[in-house]
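Undergrad: Have a look at this one.
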Amino acid sequence: NRDTSIQCIKAYIEVLKEERRNNSVKMKGKLQRRRAHLLKELSERRKGGDAPAGSEAADEIAAFEKRLAKCDADIGENADGNFPGIRVLEALSATGLRSIRYAQEIPEIKTILANDILPKAYQSIARNIEFNNLDPKRVIASNADAAALMFNSRKPEDQFDVIDLDPYGAPTLFLDAAVQAVKSGGMLLVTCTDMADLCGNTPETAWAKYGSTAMKSKFCKEVALRTILSSLASHAARYGRFIEPLVSLSLDFYIRVAVRVKESRSGVKQMPTKLSMVYKG
């Protein structure tokens with residue numbers, strides 16, 4: 001599970017880097033065109049032309065020079081698409097071992113918040129951070145309710161690039177908060193260990209949790225994966241977001257999915273075309 005998660009995050013980071021490089025090239029071109037326009041306007045103001053005389057002209061030239069300086073600064077910031085790093089939340093961290101591995105094996109992680117509601121778990125996280133000689137400002141121990149923590153991280157400046165949910169049983173209590181606390185274009189990693197419900201032993205429980213009725217069949221694990229994806233899509237759509245599945249795995253006694261969450265009204269409108277009903281005679 002942890003090995004797979006690390007590889008998923010590493011692959012996701014490479015995608016982010018490529019997107020940032022492409023965006024940097026586009027933004028740099030746009031800024032350079034703007035700079036050329038400002039230089040032309042500034043040159044005309046300095047020559048006189050139709051510009052007002054006296055202090056009013058000086059103020060106008062100063063305003064153009066200020067805009068030109070800002071444009072040059074923006075070009076510098078977008079010169080090479082430098083990757084700023086990512087913020088990660090492990091919402092249900094227990095001892096913090098997963099967060100510690102993330103920090104040790106993924107250098108692009110800027111900060112990771114290892115959270116657990118239990119005080120003893122929080123103490124274990126703090127001890128393990130110290131034992132592994134990690135910077136407590138980079139790997140941060142947190143003692144909070146996971147859902148409340150994510151609900152309080154809905155502002156764009158507080159959102160996370162990656163949120164990892166690996167609860168005991170169903171993750172459904174946390175999904176509504178998670179799809180809001182992850183950045184647009186961010187990644188959710190979600191584990192379900194309630195396979196008895198998802199594989200049709202208690203279809204009414206599956207419906208209550210996921211909004212889908214599970215059924216016993218040879219392909220029940222396939223249905224289980226599609227059930228959690230459908231539930232994630234439903235939660236995301238309420239907030240003008242849609243999901244893009246990246247990895248879906250059925251392993252031993254659990255399933256694990258990785259999805260990107262993106263903001264797009266048109267993407268939300270397309271989501272129903274990706275869902276369907278399964279009938280069993």
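Please note that chains go A, B, ... in the order of the structure tokens, that every chain numbers its residues from 1, and that ligands are numbered from 1 in the order shown.
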Looking only at strand (DSSP E or B) from DSSP on the backbone, list the matching residues of range 74-164 of chain A as a list in words.

TA: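 Of range 74-164 of chain A, only Ile86, Arg87, Val88, Leu89, Glu90, Ile109, Lys110, Thr111, Ile112, Leu113, Ala114, Asn115, Val139, Ile140, Ala141, Ser142, Phe160, Asp161, Val162, Ile163 and Asp164 of chain A fall in strand (DSSP E or B).
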
Undergrad: Would you give me, as a ChimeraX atom specification, the residues in range 161-270 of chain A that DSSP reads as helix (DSSP H, G or I)?

TA: /A:172-181,195-198,203-210,220-237,265-270

Undergrad: Could you check how far CA of Gly85 in chain A sits from CA of Arg101 in chain A, in Å to one decimal?

TA: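 Pair CA of Gly85 in chain A / CA of Arg101 in chain A returns 16.5 Å.
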
Undergrad: Counting only C-alpha atoms, which residues of range 127-181 of chain A fall within 7 Å of range 104-117 of chain A, and what is the closest atom pair for each with its distance in Å at one decimal, ordered by chain and rising number, as a Markdown table?

TA:
| residue | atom | partner | partner_atom | distance |
| --- | --- | --- | --- | --- |
| A:Arg138 | CA | A:Thr111 | CA | 4.5 |
| A:Val139 | CA | A:Ile112 | CA | 5.0 |
| A:Ile140 | CA | A:Leu113 | CA | 4.9 |
| A:Ala141 | CA | A:Ala114 | CA | 5.1 |
| A:Ser142 | CA | A:Asn115 | CA | 4.4 |
| A:Asn143 | CA | A:Ile117 | CA | 5.1 |
| A:Ala144 | CA | A:Ile117 | CA | 4.8 |
| A:Asp145 | CA | A:Ile117 | CA | 5.1 |
| A:Ala146 | CA | A:Ile117 | CA | 7.0 |

Undergrad: Tell me, as a list in words, which residues lie within 12 Å of Glu14 in chain A, counting only C-alpha atoms; anything in the same chain fewer than 5 positions away does not count.

TA: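 So, after excluding close chain neighbours, the residues are Gln7, Cys8, Ile9, Glu19, Arg20, Arg21, Phe83, Gly85, Ile86, Ile106 and Glu108 of chain A.
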
Undergrad: Rounded to one decimal, what separation in Å do you get between CA of Arg46 in chain A and CA of Ile61 in chain A?

TA: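 Between these atoms lies a distance of 7.1 Å.
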
Undergrad: List as a PyMOL selection string the protein and nucleic acid residues near range 258-263 of chain A, meaning an atom at most 9 Å away when only C-alpha atoms are counted, but skip any in the same chain fewer than 2 places from it.

TA: chain A and resi 5+8+179+182-190+229+232-233+236+239-249+256+265+267-268
